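Read through the structure below, which is laid out as C-alpha cells, and then see the notes.
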There are 2 protein chains.
Amino acid sequence: MPRVGIREVAVRAGVSVGTVSHFLNHPDRVSAEKAERISAAIEQLGYVRNNAGRQLRLGHSTTIAYIAPDVSNPFFGTVAEGAEERAAEAGLSVFLANSRGEREREDSYLALFQEHGVRGLLVASALPIEDRLESIRRRGTPSVLVGRKASVQRQPSISIDDVLGGELATQHLINIGRGRIAFVGGPISVQQVADRLQGAGQAVRRSGSATLEVIDVETRLISTGHEVGAMIAARPPAARPDAVFTANDLIAIGLAQTLISSGIAVPDEIAIVGYDNIEYAANAVVPLTSVRPPHEDFGRAAIDLLLDVIDSDGDPKEAHRIFAPELVIRGSSR
Amino acid sequence: MPRVGIREVAVRAGVSVGTVSHFLNHPDRVSAEKAERISAAIEQLGYVRNNAGRQLRLGHSTTIAYIAPDVSNPFFGTVAEGAEERAAEAGLSVFLANSRGEREREDSYLALFQEHGVRGLLVASALPIEDRLESIRRRGTPSVLVGRKASVQRQPSISIDDVLGGELATQHLINIGRGRIAFVGGPISVQQVADRLQGAGQAVRRSGSATLEVIDVETRLISTGHEVGAMIAARPPAARPDAVFTANDLIAIGLAQTLISSGIAVPDEIAIVGYDNIEYAANAVVPLTSVRPPHEDFGRAAIDLLLDVIDSDGDPKEAHRIFAPELVIRGSSR
DNA sequence: TTGAAAGCGCTAACAG
DNA sequence: CTGTTAGCGCTTTCAA
C-alpha cells in the first residue's frame with residue numbers, strides 16, 4: 001500500500017500541492033470551493049500528514065517531553081495532567097517517558113527526545129542531573145527540573161518548600177499539645193527527607209519545650225510503618241512519643257495500622273501526621289492528617305516556566321518556582 | 001546558535017557527509033582513522049542527530065506509542081514497563097500518552113502518533129474504539145488493544161480472563177465453607193465487571209447450594225466500600241452475607257475497614273475477596289485475598305503481538321492473547 | 001573505503 | 001487566491 005502524500009491529495013482535488021498545504025496550515029487563505037474538494041480528497045484517500053517532513057521543513061517540533069522516574073506514582077499523573085492541559089492551550093503535545101529512576105534510562109530518553117527535536121523537556125529525577133541538562137541546553141533543548149529545586153542557578157526548576165511542610169506538620173502537633181515528637185523517615189541523603197526533618201527541627205526548637213526523636217529508616221513503604229509501629233509498641237508506654245510525623249503517607253498508614261492493632265489509641269495516645277496527602281490518606285482506618293503539596297498547579301507551572309524559558313531564550317524572569325504546601329487536618333491528629 | 005548538522009561534522013572531520021552517515025549507521029565500514037576524527041568532531045561540535053531528517057529518509061520511525069486512560073493506575077505503569085523492556089530488545093522506544101478515558105483526547109493522540117509515523121500503537125481504552133483502530137490500521141499503523149478482548153476478530157488484543165477470575169474467587173469462598181455470597185460491583189455495562197460477575201455466577205451454580213446476592217454500585221472506590229459496609233452492618237446478622245467478592249480491591253479495602261470498625265469479624269463472620277491484587281491489598285488492615293492478573297507479562301506480550309502483527313503484515317498467528325489470573329489467598333478469607 | 005548526489009514529504013516565499 | 005519551487009537533514013545507492 002503506497003503511503004498517500006500531499007501530492008496525491010493535490011492531484012485528486014485538482015489543485016497544486018501548495019494549495020493543499022495552505023488548506024492544512026492556513027485554511028482561511030483557500031477558496032471555499034477548493035477547500036471542499038481538498039477536504040473530500042483527504043477523506044477519500046485517507047491522507048495522514050507526515051510529521052517528519054513537516055518538522056524537517058519547520059525546523060522545530062510541537063512536542064514537549066516529560067520524563068519521570070515512576071509513572072504509577074499518582075504525583076506523576078497529576079503533574080502530567082496539568083502539564084498536558086497547559087501545553088494544549090499553547091498548541092503543544094506532551095509525550096511521557098518512564099525512567100524508573102535509572103540513570104541509564106534517563107540518559108537514553110534524554111538523547112531520544114533531543115534527536116526528536118522536542119521543544120523542551122520536563123524532567124523529574126532524584127539523581128543529580130543538572131550537568132546533563134546543562135549540556136543538553138547548550139545543544140539547544142531547554143528543560144525544567146520538576147519536583148526539587150535545581151542545585152544550579154541556571155537550571156530552571158519547580159519545587160515544593162519541604163522545610164515549610166515539615167514545619168507546618170510539627171507546629172500543628174505542638175499546637176494540639178504534644179511534646180514528645182518523633183520523626184520517621186530516611187535516608188537523610190534524600191533532599192526531600194532532609195528538608196522535612198529540618199522543618200520539624202525548626203518548629204521544635206521554636207517551641208522551647210518539645211523534643212524531637214529521629215527514627216531513621218531505609219525505605220518509605222507501608223511495611224516500613226508496620227516495623228516502626230511494632231518497635232514503638234514494644235516500648236514501655238512512658239518511653240513512647242505522643243506524636244509522630246512521618247516523611248510520607250505510606251509510612252503513616254502502616255504505622256497507624258500497627259499501633260491501633262497493638263491497642264494504642266490514635267490520636268489519643270499517639271497523634272500522626274503524614275506527608276503527600278495521597279488518596280488513601282483520607283480513607284485510611286483513621287483518616288490521616290497530611291501535608292498537601294499543590295500538585296495540580298505543578299504541571300501547569302512547569303509548562304509556563306518552560307515556555308518562558310523558550311521565549312526568553314534561556315533567561316526566564318524567575319527560574320525557580322517554589323510552592324508552599326498546606327496542612328490537611330483529619331482524625332489522626334485531633 | 002546555528003544547529004549543527006551532519007555537514008558541519010563532515011567539514012570539521014575533513015570527510016564527506018556520506019562518511020559521517022556511514023559512521024553513524026554502519027561504523028564497521030569506516031576506517032579507524034576517520035572514525036576517530038568524526039567521533040572527535042561530533043564531540044566538539046555537540047552534534048545531535050536530527051530524527052526528522054532520518055525518519056523522512058528512512059520512511060518509518062523506530063517508536064511505539066502506548067495510550068492509556070490513567071497513567072497513575074499502577075496497572076498502567078506495570079504494563080508500560082514490560083512493554084518498554086521488550087521494545088528496547090527490539091530496538092524500539094515507547095512513548096506514553098494519557099487519554100484520561102476521554103474520547104476526544106484519545107482521538108487527538110491517535111492522530112498525533114499517526115502523524116509521527118509510529119511503528120505501532122498499544123491502546124488501552126474502556127470505550128469502544130475498534131472502529132477507530134480499524135481505520136487507522138487501513139492507513140498503515142497497526143495496533144494492539146490492551147486490557148480487554150477486542151470485539152472485532154481483526155483487531156489484535158491482549159486481555160485477562162475475567163470470567164475465570166470471578167470463578168476462582170467465588171469457588172474459593174465456597175471451598176472454605178461459605179454459602180451466602182455477595183458480589184459488589186458495577187456498573188454492569190463495564191465488560192470487566194460483567195465478566196467477573198458471570199464467573200461468580202458459574203461457581204455458585206456449580207456448587208448447587210450457595211446463593212449469590214448482587215450489590216450494584218456506581219463507583220469502585222474505597223468510599224464505595226465504606227458505603228456498602230455500612231449498609232451490610234445495618235442488617236440483622238442473619239441477613240448478612242457470610243462472604244463478599246468485590247469487583248476490585250479498593251471496594252474490598254473500604255468494605256473491610258467499615259465492617260471491622262462496626263464490630264463484624266473479618267474473615268470469621270464475613271470473608272472478603274478482592275480483585276487486581278494492588279500493592280495495598282497485602283498491607284491492608286486485614287491482608288486481602290485477591291485475584292491477581294499477571295500484569296507483568298502484559299506489556300511484553302503486547303509488544304510481542306504488535307511485532308508479530310507488523311511482521312505478518314496485519315495477519316498474526318494468534319490475534320487475541322488471553323491471560324489466566326490466579327488467586328492470592330491472604331487473611332481476609334482464611 | 002570514500003565521495004557525490006538524489007530524494008524522502010512538507011512549508012513558505014514568491015510570482016502570477 | 002493559486003501554482004511553482006527551493007530546500008530542511010539525512011541515508012543510501014552508485015561510482016571511483
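Just remember, in the C-alpha cells the first chain shown is A, the second B, etc., residues are 1-based per chain, and ligands are 1-based in the order shown.
Within segment 28-145 of chain A, DSSP applied to the backbone places the following residues in strand (DSSP E): Thr63, Ile64, Ala65, Tyr66, Ile67, Ala68, Ser93, Val94, Phe95, Leu96, Ala97, Asn98, Gly120, Leu121, Leu122, Val123, Ser143, Val144 and Leu145 of chain A.
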- Task: Pick out the chain C residues within 8 Å of chain A. Count only C-alpha atoms (C1' of nucleotides). Give them as a PyMOL selection string.
- Result: chain C and resi 8-11
- Task: Using only C-alpha atoms (C1' of nucleotides), determine which residues lie at most 8 Å from Gly299 of chain A, disregarding the query and same-chain residues fewer than 4 positions distant; provide the list as a ChimeraX atom specification.
- Result: /A:78-84,86,295,303
- Task: Within 8 Å of chain A, which residues of chain B are there when counting only C-alpha atoms? Please give them as JSON, numbers by chain.
- Result: {"B": [1, 3, 46, 47, 48, 49, 50, 51, 52, 53, 55, 56, 70, 71, 72, 73, 74, 75, 76, 77, 78, 81, 94, 95, 96, 97, 98, 114, 115, 116, 117, 139, 140, 222, 223, 254, 257, 283, 285]}
- Between atom CA of Ile176 of chain A and atom CA of Gly263 of chain A, what is the distance, to one decimal in Å? 21.8 Å
- Task: List every residue of segment 222-311 of chain B that DSSP, applied to the backbone of this structure, places in helix (DSSP H, G or I), and write the result as number ranges by chain.
- Result: B: 222-233, 237-239, 249-261, 279-283, 295-311
